[in-house]
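Peer 1: This is the content of model.pdb (PDB, C-alpha atoms):
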ATOM      1  CA  MET A   2      82.351  60.289 106.247
ATOM      2  CA  ASP A   3      79.528  61.439 108.518
ATOM      3  CA  ASN A   4      79.288  65.061 107.383
ATOM      4  CA  PRO A   5      77.041  65.312 104.339
ATOM      5  CA  GLY A   6      77.428  68.537 102.422
ATOM      6  CA  ARG A   7      81.066  68.997 103.411
ATOM      7  CA  SER A   8      83.738  68.004 100.952
ATOM      8  CA  THR A   9      86.587  65.670 101.781
ATOM      9  CA  ARG A  10      88.985  68.597 101.391
ATOM     10  CA  GLU A  11      87.034  70.628 103.961
ATOM     11  CA  LEU A  12      86.971  67.723 106.402
ATOM     12  CA  LEU A  13      90.703  67.189 105.988
ATOM     13  CA  ARG A  14      91.309  70.924 106.452
ATOM     14  CA  ASP A  15      89.378  70.928 109.727
ATOM     15  CA  ALA A  16      91.093  67.766 110.952
ATOM     16  CA  LEU A  17      94.502  69.245 110.158
ATOM     17  CA  LYS A  18      93.715  72.513 111.924
ATOM     18  CA  ASP A  19      92.660  70.548 114.996
ATOM     19  CA  GLU A  20      95.800  68.365 114.881
ATOM     20  CA  LEU A  21      97.997  71.459 114.645
ATOM     21  CA  THR A  22      96.645  72.686 117.968
ATOM     22  CA  ARG A  23      98.277  69.629 119.578
ATOM     23  CA  GLN A  24     101.420  68.963 117.554
ATOM     24  CA  PRO A  25     103.685  70.439 114.866
ATOM     25  CA  LEU A  26     103.026  69.767 111.190
ATOM     26  CA  ASP A  27     105.950  67.364 110.835
ATOM     27  CA  ARG A  28     104.290  65.057 113.390
ATOM     28  CA  VAL A  29     100.874  64.974 111.682
ATOM     29  CA  SER A  30     100.398  61.828 109.641
ATOM     30  CA  VAL A  31      98.189  61.020 106.705
ATOM     31  CA  SER A  32      96.964  57.965 108.620
ATOM     32  CA  SER A  33      95.787  59.983 111.622
ATOM     33  CA  LEU A  34      93.960  62.465 109.392
ATOM     34  CA  CYS A  35      92.309  59.651 107.447
ATOM     35  CA  ARG A  36      91.133  57.969 110.658
ATOM     36  CA  ARG A  37      89.674  61.235 111.963
ATOM     37  CA  VAL A  38      87.844  61.969 108.732
ATOM     38  CA  GLY A  39      86.861  58.369 108.015
ATOM     39  CA  ILE A  40      88.472  58.013 104.597
ATOM     40  CA  THR A  41      91.099  55.777 103.067
ATOM     41  CA  ARG A  42      94.682  56.826 102.419
ATOM     42  CA  GLN A  43      93.895  56.501  98.719
ATOM     43  CA  ALA A  44      91.125  59.097  99.109
ATOM     44  CA  PHE A  45      93.577  61.428 100.854
ATOM     45  CA  TYR A  46      96.121  61.056  98.050
ATOM     46  CA  TYR A  47      93.421  61.726  95.488
ATOM     47  CA  HIS A  48      93.186  65.257  96.911
ATOM     48  CA  PHE A  49      96.686  65.987  98.246
ATOM     49  CA  SER A  50     100.166  64.607  97.660
ATOM     50  CA  ASP A  51     101.095  64.943 101.343
ATOM     51  CA  VAL A  52     100.263  66.683 104.612
ATOM     52  CA  TYR A  53     102.352  69.712 103.594
ATOM     53  CA  GLN A  54     100.276  70.256 100.473
ATOM     54  CA  LEU A  55      97.120  70.036 102.608
ATOM     55  CA  ALA A  56      98.627  72.608 105.001
ATOM     56  CA  ALA A  57      99.457  74.962 102.139
ATOM     57  CA  TRP A  58      95.967  74.598 100.647
ATOM     58  CA  THR A  59      94.367  75.186 104.056
ATOM     59  CA  PHE A  60      96.416  78.332 104.576
ATOM     60  CA  GLU A  61      95.568  79.652 101.116
ATOM     61  CA  GLU A  62      91.848  78.973 101.518
ATOM     62  CA  GLU A  63      91.640  80.673 104.896
ATOM     63  CA  ILE A  64      93.635  83.733 103.864
ATOM     64  CA  ALA A  65      91.895  84.228 100.518
ATOM     65  CA  LYS A  66      88.560  84.172 102.318
ATOM     66  CA  HIS A  67      89.672  86.848 104.794
ATOM     67  CA  ILE A  68      91.068  89.123 102.105
ATOM     68  CA  MET A  69      88.316  88.957  99.523
ATOM     69  CA  GLN A  70      85.423  89.266 101.982
ATOM     70  CA  HIS A  71      86.560  92.853 102.529
ATOM     71  CA  ALA A  72      87.781  93.919  99.078
ATOM     72  CA  THR A  73      86.174  97.362  99.064
ATOM     73  CA  TYR A  74      87.620 100.789  99.697
ATOM     74  CA  ASP A  75      85.726 101.207 102.962
ATOM     75  CA  GLN A  76      86.468  97.699 104.262
ATOM     76  CA  TRP A  77      89.966  96.752 103.048
ATOM     77  CA  ALA A  78      91.690  97.860 106.260
ATOM     78  CA  ASP A  79      89.227  95.944 108.412
ATOM     79  CA  GLY A  80      89.723  92.862 106.233
ATOM     80  CA  LEU A  81      93.506  93.106 106.430
ATOM     81  CA  LYS A  82      93.361  93.603 110.199
ATOM     82  CA  ARG A  83      91.081  90.568 110.595
ATOM     83  CA  MET A  84      93.432  88.502 108.447
ATOM     84  CA  LEU A  85      96.477  89.497 110.522
ATOM     85  CA  ILE A  86      94.623  88.820 113.759
ATOM     86  CA  TYR A  87      93.555  85.433 112.382
ATOM     87  CA  LEU A  88      97.162  84.615 111.455
ATOM     88  CA  ARG A  89      98.405  85.732 114.862
ATOM     89  CA  SER A  90      95.703  83.730 116.672
ATOM     90  CA  ASN A  91      96.700  80.665 114.666
ATOM     91  CA  GLN A  92     100.470  81.090 114.697
ATOM     92  CA  GLN A  93     101.319  77.422 114.819
ATOM     93  CA  GLN A  94      99.077  76.673 111.854
ATOM     94  CA  THR A  95     100.292  79.760 110.005
ATOM     95  CA  TYR A  96     103.973  78.981 110.320
ATOM     96  CA  ALA A  97     103.373  75.306 109.552
ATOM     97  CA  ALA A  98     101.714  76.332 106.297
ATOM     98  CA  ILE A  99     104.376  78.935 105.544
ATOM     99  CA  ASP A 100     107.049  76.296 106.081
ATOM    100  CA  ALA A 101     105.201  74.037 103.637
ATOM    101  CA  LEU A 102     105.342  76.746 100.957
ATOM    102  CA  SER A 103     108.458  78.106  99.326
ATOM    103  CA  ILE A 104     109.009  81.846  99.754
ATOM    104  CA  GLN A 105     108.208  82.249  96.064
ATOM    105  CA  GLU A 106     104.913  80.365  96.428
ATOM    106  CA  LEU A 107     104.037  82.461  99.475
ATOM    107  CA  GLU A 108     104.799  85.725  97.656
ATOM    108  CA  ILE A 109     102.897  84.675  94.546
ATOM    109  CA  PHE A 110      99.889  83.622  96.607
ATOM    110  CA  PHE A 111      99.735  86.804  98.700
ATOM    111  CA  LEU A 112     100.406  89.043  95.712
ATOM    112  CA  ALA A 113      97.552  87.444  93.763
ATOM    113  CA  GLN A 114      95.203  88.037  96.708
ATOM    114  CA  PHE A 115      96.303  91.639  97.254
ATOM    115  CA  ARG A 116      96.083  92.346  93.518
ATOM    116  CA  ALA A 117      92.515  91.066  93.442
ATOM    117  CA  MET A 118      91.691  93.231  96.459
ATOM    118  CA  MET A 119      93.334  96.318  94.928
ATOM    119  CA  ARG A 120      91.689  95.687  91.555
ATOM    120  CA  ALA A 121      88.279  95.780  93.274
ATOM    121  CA  ILE A 122      89.215  98.935  95.191
ATOM    122  CA  VAL A 123      90.565 100.707  92.104
ATOM    123  CA  ALA A 124      87.437  99.816  90.143
ATOM    124  CA  GLU A 125      85.317 101.204  92.968
ATOM    125  CA  ILE A 126      87.125 104.495  93.555
ATOM    126  CA  GLY A 127      88.545 105.112  90.107
ATOM    127  CA  GLY A 128      85.818 103.831  87.837
ATOM    128  CA  ASP A 129      85.265 107.337  86.439
ATOM    129  CA  ILE A 130      88.966 107.844  85.622
ATOM    130  CA  THR A 131      90.164 106.828  82.175
ATOM    131  CA  LEU A 132      93.637 105.314  82.119
ATOM    132  CA  ARG A 133      95.651 103.134  79.825
ATOM    133  CA  GLY A 134      95.406  99.530  81.011
ATOM    134  CA  ASN A 135      99.078  99.255  81.892
ATOM    135  CA  ASP A 136      98.875 102.463  83.996
ATOM    136  CA  ARG A 137      95.895 101.151  85.957
ATOM    137  CA  ASP A 138      97.704  97.826  86.419
ATOM    138  CA  PHE A 139     100.817  99.661  87.597
ATOM    139  CA  VAL A 140      98.856 101.497  90.293
ATOM    140  CA  ILE A 141      97.190  98.222  91.364
ATOM    141  CA  ASP A 142     100.562  96.461  91.512
ATOM    142  CA  HIS A 143     102.213  99.326  93.400
ATOM    143  CA  TYR A 144      99.727  99.201  96.267
ATOM    144  CA  ALA A 145      99.455  95.402  96.239
ATOM    145  CA  LEU A 146     103.257  95.119  96.461
ATOM    146  CA  SER A 147     103.364  97.668  99.257
ATOM    147  CA  ILE A 148     100.894  95.673 101.334
ATOM    148  CA  LEU A 149     102.682  92.441 100.433
ATOM    149  CA  GLY A 150     105.994  93.837 101.655
ATOM    150  CA  HIS A 151     104.547  94.867 104.989
ATOM    151  CA  VAL A 152     102.779  91.530 105.527
ATOM    152  CA  LEU A 153     105.884  89.493 104.643
ATOM    153  CA  TRP A 154     108.018  91.676 106.938
ATOM    154  CA  TRP A 155     105.461  91.215 109.721
ATOM    155  CA  LEU A 156     105.480  87.429 109.235
ATOM    156  CA  SER A 157     109.287  87.261 109.122
ATOM    157  CA  ASN A 158     109.424  89.166 112.427
ATOM    158  CA  ARG A 159     107.207  86.554 114.095
ATOM    159  CA  MET A 160     104.143  88.852 114.095
ATOM    160  CA  GLN A 161     105.596  91.123 116.766
ATOM    161  CA  GLN A 162     103.862  94.313 115.666
ATOM    162  CA  ASP A 163     100.268  94.710 116.792
ATOM    163  CA  PRO A 164      98.002  94.161 113.746
ATOM    164  CA  HIS A 165      95.897  97.177 114.764
ATOM    165  CA  VAL A 166      98.957  99.444 114.672
ATOM    166  CA  LEU A 167     100.298  98.045 111.392
ATOM    167  CA  VAL A 168      96.969  98.367 109.602
ATOM    168  CA  ALA A 169      96.342 101.866 110.990
ATOM    169  CA  ARG A 170      99.683 102.952 109.554
ATOM    170  CA  LEU A 171      98.957 101.372 106.183
ATOM    171  CA  GLU A 172      95.541 102.981 106.182
ATOM    172  CA  LYS A 173      97.103 106.419 106.772
ATOM    173  CA  ILE A 174      99.324 105.966 103.746
ATOM    174  CA  LEU A 175      96.760 104.423 101.400
ATOM    175  CA  ASN A 176      93.603 106.403 102.168
ATOM    176  CA  GLY A 177      93.240 109.004  99.448
ATOM    177  CA  SER A 178      96.531 108.166  97.785
ATOM    178  CA  VAL A 179      95.102 105.460  95.523
ATOM    179  CA  ARG A 180      92.644 107.917  93.979
ATOM    180  CA  GLN A 181      95.380 110.551  93.731
ATOM    181  CA  SER A 182      97.672 108.092  91.981
ATOM    182  CA  LEU A 183      94.974 107.249  89.455
ATOM    183  CA  GLU A 184      94.331 110.965  88.859
ATOM    184  CA  ARG A 185      98.054 111.639  88.357
ATOM    185  CA  PHE A 186      98.268 108.937  85.729
ATOM    186  CA  ALA A 187      95.109 110.262  84.045
ATOM    187  CA  ASP A 188      96.605 113.797  84.000
ATOM    188  CA  THR A 189      99.808 112.461  82.456
ATOM    189  CA  ASP A 190      97.837 110.675  79.736
ATOM    190  CA  GLN A 191      95.979 113.856  78.803
ATOM    191  CA  GLN A 192      99.136 115.951  78.326
TER
END
Show me this structure written as structure tokens.

Peer 2:
Amino acid sequence: MDNPGRSTRELLRDALKDELTRQPLDRVSVSSLCRRVGITRQAFYYHFSDVYQLAAWTFEEEIAKHIMQHATYDQWADGLKRMLIYLRSNQQQTYAAIDALSIQELEIFFLAQFRAMMRAIVAEIGGDITLRGNDRDFVIDHYALSILGHVLWWLSNRMQQDPHVLVARLEKILNGSVRQSLERFADTDQQ
């Protein structure tokens, strides 16, 4: 391994991404990845059970990075747009990873990311609002599930809608409504 400072997982991720530009996931072999990275098959299997698990991990790492780098009220839309553009620019890799995950794993992964993003946004814009914990969590889940639904629909339709248009529409719906939702729950608690 000639790349000090980079983990074996990172090297395998990069090798896989490069391989996926030339061939589908089902044609990528553990042997070819090991040769490219300069590790043994045993070292590969120490980190991943197969190429599909590596693909799923790669997808999750890339997407989590795009979402959480922009988990603020002012930046969430830009972060979501960048993520969708990234997915669209890397369609072969994206669908290879999606195929490696079950629909349940995909939903759980995205929902966890969108919840974390919404939790940061709610803390930022609603930090002065006192709510019961389950009410705050309900608001977080509502908006996270809304975004999740749109992203899954977009993926299932082969990314046909322009990410700029989709995110602009989501932004129209969400801007201001998160704060209003928190205030409505706070008003209900006070009555």

Peer 1: Quick one: residues within 9 Å of range 146-156 of chain A, all atoms listed in the file, excluding same-chain residues fewer than 6 positions away - as a list in words?

Peer 2: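 The contact residues come out as Leu85, Tyr96, Leu107, Glu108, Phe111, Leu112, Phe115, Arg116, Gln162, Pro164, Leu167 and Leu171 of chain A.
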
Peer 1: Using all atoms listed in the file, which of the listed residues (A:Val179, A:Ala169, A:Ala56, A:Met119) sits closest to Ala101 in chain A?

Peer 2: A:Ala56

Peer 1: Which range 19-112 of chain A residues have any atom within 8 Å of an atom of range 122-126 of chain A, and for each, what is the nearest pair of atoms with distance in Å to one decimal, counting only C-alpha atoms, rows sorted by chain and number, as a tab-separated table?

Peer 2:
residue	atom	partner	partner_atom	distance
A:Ala72	CA	A:Ile122	CA	6.5
A:Thr73	CA	A:Ile122	CA	5.2
A:Tyr74	CA	A:Ile122	CA	5.1

Peer 1: Determine, counting all atoms listed in the file, which protein, DNA and RNA residues have an atom within 8 Å of an atom of Thr9 in chain A; residues of the same chain fewer than 3 positions away are not included. Present the result as a PyMOL selection string.

Peer 2: chain A and resi 12-13+38

Peer 1: How many Å lie between CA of Arg10 in chain A and CA of Gln94 in chain A, rounded to one decimal?

Peer 2: 16.6 Å

Peer 1: Evaluate the PyMOL selection byres ((chain A and resi 83) around 12) here and jot the selected residues down as a VMD selection string.

Peer 2: chain A and resid 63 to 71 76 to 82 84 to 90 163 to 165 167 to 168

Peer 1: Please return as an MDAnalysis selection string every residue within 12 Å of (95.5, 102.6, 84.4), taking into account only C-alpha atoms and the file's own coordinates.

Peer 2: chainID A and resid 120 123:124 127:143 179:180 182:190

Peer 1: Export C-alpha atoms of the chosen residues as a compact mmCIF listing (two decimals), in the coordinates of the input?

Peer 2:
# COMPACT_ATOMS: atom_id res chain seq x y z
CA ARG A 120 91.69 95.69 91.56
CA VAL A 123 90.56 100.71 92.10
CA ALA A 124 87.44 99.82 90.14
CA GLY A 127 88.54 105.11 90.11
CA GLY A 128 85.82 103.83 87.84
CA ASP A 129 85.26 107.34 86.44
CA ILE A 130 88.97 107.84 85.62
CA THR A 131 90.16 106.83 82.18
CA LEU A 132 93.64 105.31 82.12
CA ARG A 133 95.65 103.13 79.82
CA GLY A 134 95.41 99.53 81.01
CA ASN A 135 99.08 99.26 81.89
CA ASP A 136 98.88 102.46 84.00
CA ARG A 137 95.90 101.15 85.96
CA ASP A 138 97.70 97.83 86.42
CA PHE A 139 100.82 99.66 87.60
CA VAL A 140 98.86 101.50 90.29
CA ILE A 141 97.19 98.22 91.36
CA ASP A 142 100.56 96.46 91.51
CA HIS A 143 102.21 99.33 93.40
CA VAL A 179 95.10 105.46 95.52
CA ARG A 180 92.64 107.92 93.98
CA SER A 182 97.67 108.09 91.98
CA LEU A 183 94.97 107.25 89.46
CA GLU A 184 94.33 110.96 88.86
CA ARG A 185 98.05 111.64 88.36
CA PHE A 186 98.27 108.94 85.73
CA ALA A 187 95.11 110.26 84.04
CA ASP A 188 96.60 113.80 84.00
CA THR A 189 99.81 112.46 82.46
CA ASP A 190 97.84 110.68 79.74

Peer 1: Give me, please, the distance in Å between CA of Ser32 in chain A and CA of Leu102 in chain A, quoted to one decimal.

Peer 2: 21.9 Å

Peer 1: Got a sec to check which residues sit within 10 Å of (101.6, 72.1, 116.0), counting all atoms listed in the file, and write them as a list in words?

Peer 2: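 All residues meeting the 10 Å criterion around (101.6, 72.1, 116.0) are Leu17, Lys18, Asp19, Glu20, Leu21, Thr22, Arg23, Gln24, Pro25, Leu26, Asp27, Arg28, Val29, Asn91, Gln92, Gln93, Gln94, Thr95, Tyr96 and Ala97 of chain A.
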
Peer 1: Write the residues of the selection above to a file with C-alpha atoms, as a short mmCIF file (atom, residue, chain, number, x, y, z; two decimals), in the frame of the given file.

Peer 2:
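Output (part14.cif):
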data_model
loop_
_atom_site.label_atom_id
_atom_site.label_comp_id
_atom_site.auth_asym_id
_atom_site.auth_seq_id
_atom_site.Cartn_x
_atom_site.Cartn_y
_atom_site.Cartn_z
CA LEU A 17 94.50 69.24 110.16
CA LYS A 18 93.72 72.51 111.92
CA ASP A 19 92.66 70.55 115.00
CA GLU A 20 95.80 68.36 114.88
CA LEU A 21 98.00 71.46 114.64
CA THR A 22 96.64 72.69 117.97
CA ARG A 23 98.28 69.63 119.58
CA GLN A 24 101.42 68.96 117.55
CA PRO A 25 103.68 70.44 114.87
CA LEU A 26 103.03 69.77 111.19
CA ASP A 27 105.95 67.36 110.84
CA ARG A 28 104.29 65.06 113.39
CA VAL A 29 100.87 64.97 111.68
CA ASN A 91 96.70 80.67 114.67
CA GLN A 92 100.47 81.09 114.70
CA GLN A 93 101.32 77.42 114.82
CA GLN A 94 99.08 76.67 111.85
CA THR A 95 100.29 79.76 110.00
CA TYR A 96 103.97 78.98 110.32
CA ALA A 97 103.37 75.31 109.55
#

Peer 1: In Å to one decimal, how far is CA of Ile109 in chain A from CA of Arg159 in chain A?

Peer 2: 20.1 Å

Peer 1: Nearest to Gly39 in chain A: which of A:Ala16, A:Ala98, A:Ile104, A:Met118 is it, counting all atoms listed in the file?

Peer 2: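 Once distances to Gly39 in chain A are computed over all atoms listed in the file, the minimum belongs to A:Ala16.
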